[in-house]
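This report concerns only the one structure given below.
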Amino acid sequence: MSRLASHAARLTVDLSALQDNWRLLNARNAPGAAGAVIKADAYGIGIEVAAPALHKAGCRTFFVAHVSEAVRARAALPEAEIFVLNGLAAGEIDVYGAARLSPVLGSLDEITAWEGYRAANPAAEPAALHVDTGMNRLGIRPDMLRELIASGYLPRADIGLLMSHFVSSEVENDAVTARQIAEFGALAEVIQDAEKAIQVAGKSNHRTRLSLCNSSGHFTLAAGRYNLSRPGYALYGGNPTPGKKNPMRQVIRLEAPVIQVLRVPASETVGYSSNFVAMRDSVIATLSCGYADGYPRNGGSKPSRAGGYAIIAGHECPFAGNVSMDLITLDITHLPEGSVKAGDYALLIGDGLDIDRVGASAGTIGYEILTNLGRRYERIAAGV
Ligand SMILES: *Cc1c(COP(=O)(O)O)cnc(C)c1O
């Protein structure tokens with residue numbers, strides 16, 4: 001019996017691909033710049049791995065969802081700007097000054113709390129303001145922003161960035177997106193007019209930067225580019241143009257070791273709930289990776305090509321039955337006799353089998369595949 005060095009699946013993160021992806025997005029947002037969204041542990045890739053690589057490529061502005069992520073980001077990024085997208089939680093306000101973080105303010109309560117905090121901590125970083133142009137999720141409504149500006153909020157508050165978020169920028173010629181771009185553009189004009197008036201009055205030279213675009217907008221939209229974009233998914237290799245060729249480089253490669261190769265006679269079943277029935281004498285390879293590693297459980301439950309598969313030595317091998325907690329079974333009957341043995345690695349995600357495909361075969365989106373990536377992998381940073 002062959003012995004494996006390790007049962008851990010290997011997750012290789014290609015940092016030069018990550019950097020190339022950021023450079024492409026940055027070029028597409030010219031003359032503005034691209035930031036980087038590194039929430040959810042940099043979409044599962046790891047903040048501590050991804051953030052310094054992105055900074056080295058030239059990225060200077062980062063977005064996270066939680067303050068806890070921002071504190072980790074700050075440790076990895078002594079110099080960068082870090083925005084907290086989910087807004088200001090009252091119990092966490094003191095962390096902002098200490099870690100030089102910027103909240104993305106999304107309600108009047110948050111705006112008021114931040115004004116109070118900055119009055120006492122004038123060295124705190126400028127905040128961003130989130131205006132909701134259609135998501136109905138986070139942010140103040142456009143009419144409230146207009147009222148704030150009319151009441152003199154802008155010179156007082158030192159807002160560094162105005163942002164909004166697209167509902168469906170991955171869809172080309174989408175009416176909702178067009179409405180959002182028009183709304184945001186009108187608000188940008190109101191802000192710029194107010195800033196001009198303030199400037200003429202000699203009170204301030206302040207310019208609020210503007211940010212609207214997420215990953216897909218860099219490719220699907222002619223308008224809507226502003227000072228700063230906020231790509232996430234595309235940085236990590238996700239396809240920002242669903243249904244079309246992916247313009248991004250693959251960043252992650254997930255490979256799992258084969259721990260057994262076994263013969264299953266015709267009419268026997270494989271795995272829980274007998275979901276796979278051997279229609280002929282079959283050869284099954286068992287991989288050390290499962291849903292506890294974040295690989296979706298229903299990735300394999302559909303018959304044939306719609307379901308999950310792995311690639312071994314260039315051959316597509318369909319899943320035989322459901323994904324288990326720690327194991328995946330592959331039907332390798334069609335491979336040359338003896339060509340697969342314990343210790344070989346099967347590709348589960350990577351070139352030729354991208355996260356969008358894996359998401360689709362599990363009835364979800366590639367975003368969820370990325371952010372569920374497991375903690376048991378041997379993680380390898382490559383391309384630095
Ligand atoms: C997550 C998020 C993004 C990044 O979106 P992608 O589709 O991953 O590029 C940008 N802006 C906001 C507000 C977000 O929540």
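Just so we're on the same page: first chain in the structure tokens is A, next is B, and so on; residues restart at 1 for each chain, and ligands are numbered from 1 in the order they show up.
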
Next item on the list: Tell me, as an NGL selection string, which residues lie within 12 Å of segment 219-222 of chain A, counting only C-alpha atoms; anything in the same chain fewer than 4 positions away does not count.
Entry: :A and (24-29 or 166 or 168-175 or 177-178 or 181 or 212-215 or 226 or 231 or 234 or 239-242 or 244-248)

Next item on the list: Find the residues around Ala124 of chain A up to 6 Å (only C-alpha atoms counted), leave out those fewer than 2 positions away in its own chain, and share them as a PyMOL selection string.
Entry: chain A and resi 97+121-122

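Minimum distance to Leu154 of chain A across A:Glu115, A:Asp344, A:Glu255, A:Asp356 (counting only C-alpha atoms) occurs at A:Glu115.
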
Checklist line | Pick from A:Asn227, A:Ile284, A:Met163, A:Val84 nearest to Pro31 of chain A, counting only C-alpha atoms | finding: A:Asn227

Next item on the list: as a VMD selection string, list the residues of segment 154-329 of chain A assigned to strand (DSSP E or B) by DSSP on the backbone atoms of this structure.
Entry: chain A and resid 161 to 163 209 to 211 228 to 229 252 to 264 269 to 270 276 to 277 282 to 287 309 to 312 315 to 319 328 to 329

Margin query: DSSP on the backbone, alpha helix (DSSP H) only: what residues of segment 134-252 of chain A does that give? Format it as a PyMOL selection string.
Written below: chain A and resi 142-150+153-157+175-200+217-220

Note to self: List the spatial neighbours of Gly338 of chain A as a ChimeraX atom specification - criterion: any atom at most 12 Å away, only C-alpha atoms, same-chain residues fewer than 6 positions off excluded.
What the structure shows: /A:261-263,283-285,332,344

Any chance you could export the current selection's all heavy atoms as an mmCIF file, in the first residue's frame?
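Dumped everything to out.cif:
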```
data_model
loop_
_atom_site.group_PDB
_atom_site.id
_atom_site.type_symbol
_atom_site.label_atom_id
_atom_site.label_comp_id
_atom_site.auth_asym_id
_atom_site.auth_seq_id
_atom_site.Cartn_x
_atom_site.Cartn_y
_atom_site.Cartn_z
ATOM 1 N N VAL A 261 -7.685 3.725 -4.720
ATOM 2 C CA VAL A 261 -8.295 3.397 -6.013
ATOM 3 C C VAL A 261 -8.930 2.028 -5.827
ATOM 4 O O VAL A 261 -8.284 1.098 -5.355
ATOM 5 C CB VAL A 261 -7.244 3.349 -7.138
ATOM 6 C CG1 VAL A 261 -7.882 2.922 -8.454
ATOM 7 C CG2 VAL A 261 -6.566 4.713 -7.282
ATOM 8 N N LEU A 262 -10.226 1.920 -6.130
ATOM 9 C CA LEU A 262 -10.900 0.644 -5.857
ATOM 10 C C LEU A 262 -11.803 0.229 -7.011
ATOM 11 O O LEU A 262 -12.225 1.068 -7.807
ATOM 12 C CB LEU A 262 -11.691 0.731 -4.545
ATOM 13 C CG LEU A 262 -12.762 1.799 -4.436
ATOM 14 C CD1 LEU A 262 -13.880 1.329 -3.524
ATOM 15 C CD2 LEU A 262 -12.176 3.092 -3.886
ATOM 16 N N ARG A 263 -12.065 -1.084 -7.059
ATOM 17 C CA ARG A 263 -12.957 -1.633 -8.088
ATOM 18 C C ARG A 263 -14.330 -1.820 -7.490
ATOM 19 O O ARG A 263 -14.463 -2.354 -6.395
ATOM 20 C CB ARG A 263 -12.428 -2.977 -8.582
ATOM 21 C CG ARG A 263 -11.112 -2.806 -9.258
ATOM 22 C CD ARG A 263 -10.548 -4.084 -9.851
ATOM 23 N NE ARG A 263 -9.355 -3.704 -10.607
ATOM 24 C CZ ARG A 263 -9.403 -3.162 -11.827
ATOM 25 N NH1 ARG A 263 -10.561 -3.001 -12.447
ATOM 26 N NH2 ARG A 263 -8.293 -2.798 -12.427
ATOM 27 N N VAL A 283 -14.161 1.684 -11.812
ATOM 28 C CA VAL A 283 -12.992 2.009 -10.995
ATOM 29 C C VAL A 283 -13.257 3.371 -10.365
ATOM 30 O O VAL A 283 -13.637 4.331 -11.057
ATOM 31 C CB VAL A 283 -11.700 2.050 -11.836
ATOM 32 C CG1 VAL A 283 -10.484 2.262 -10.921
ATOM 33 C CG2 VAL A 283 -11.543 0.771 -12.650
ATOM 34 N N ILE A 284 -13.084 3.416 -9.056
ATOM 35 C CA ILE A 284 -13.379 4.629 -8.292
ATOM 36 C C ILE A 284 -12.091 5.105 -7.632
ATOM 37 O O ILE A 284 -11.338 4.314 -7.055
ATOM 38 C CB ILE A 284 -14.450 4.335 -7.208
ATOM 39 C CG1 ILE A 284 -15.762 3.847 -7.829
ATOM 40 C CG2 ILE A 284 -14.686 5.554 -6.307
ATOM 41 C CD1 ILE A 284 -16.482 4.853 -8.704
ATOM 42 N N ALA A 285 -11.845 6.408 -7.708
ATOM 43 C CA ALA A 285 -10.708 7.005 -6.985
ATOM 44 C C ALA A 285 -11.286 7.881 -5.873
ATOM 45 O O ALA A 285 -12.182 8.685 -6.120
ATOM 46 C CB ALA A 285 -9.849 7.854 -7.925
ATOM 47 N N ILE A 332 -13.364 6.802 -12.446
ATOM 48 C CA ILE A 332 -12.211 6.882 -13.362
ATOM 49 C C ILE A 332 -12.156 5.653 -14.272
ATOM 50 O O ILE A 332 -11.096 5.321 -14.822
ATOM 51 C CB ILE A 332 -10.873 7.047 -12.589
ATOM 52 C CG1 ILE A 332 -10.622 5.862 -11.640
ATOM 53 C CG2 ILE A 332 -10.852 8.353 -11.805
ATOM 54 C CD1 ILE A 332 -9.163 5.769 -11.181
ATOM 55 N N ASP A 344 -1.417 10.307 -6.247
ATOM 56 C CA ASP A 344 -1.614 11.237 -7.364
ATOM 57 C C ASP A 344 -2.547 12.367 -6.918
ATOM 58 O O ASP A 344 -3.351 12.187 -6.017
ATOM 59 C CB ASP A 344 -2.257 10.522 -8.564
ATOM 60 C CG ASP A 344 -1.296 9.534 -9.216
ATOM 61 O OD1 ASP A 344 -0.104 9.539 -8.861
ATOM 62 O OD2 ASP A 344 -1.764 8.744 -10.064
#
```

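In this model, the gap between atom CA of Val104 of chain A and atom CA of Phe83 of chain A comes to 6.3 Å.
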
Item checked: One-decimal distance in Å that lies between atom CA of Asn21 of chain A and atom CA of Thr133 of chain A -> 27.7 Å

Next item on the list: For Arg209 of chain A, please output as a ChimeraX atom specification all residues within 7 Å (counting only C-alpha atoms; exclusion window: fewer than 3 positions along the same chain).
Entry: /A:160-162,227

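Closest approach to ligand 1 from the set A:Ser16, A:Thr208, A:Ser288, A:Ser164 is made by A:Ser164, with distances taken over only C-alpha atoms and all ligand atoms.
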
Note to self: Calculated over only C-alpha atoms and all ligand atoms, which of the candidates A:Asn275, A:Thr269, A:Ser282, A:Ser229 has the smallest distance to ligand 1?
What the structure shows: A:Ser229

Next item on the list: Work out how far atom CA of Ile38 of chain A is from atom CA of Glu368 of chain A, in Å to one decimal.
Entry: 14.5 Å

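Nearest residue to Gly237 of chain A, choosing from A:Arg137, A:Leu85, A:Tyr272, A:Tyr367 and counting only C-alpha atoms: A:Tyr367.
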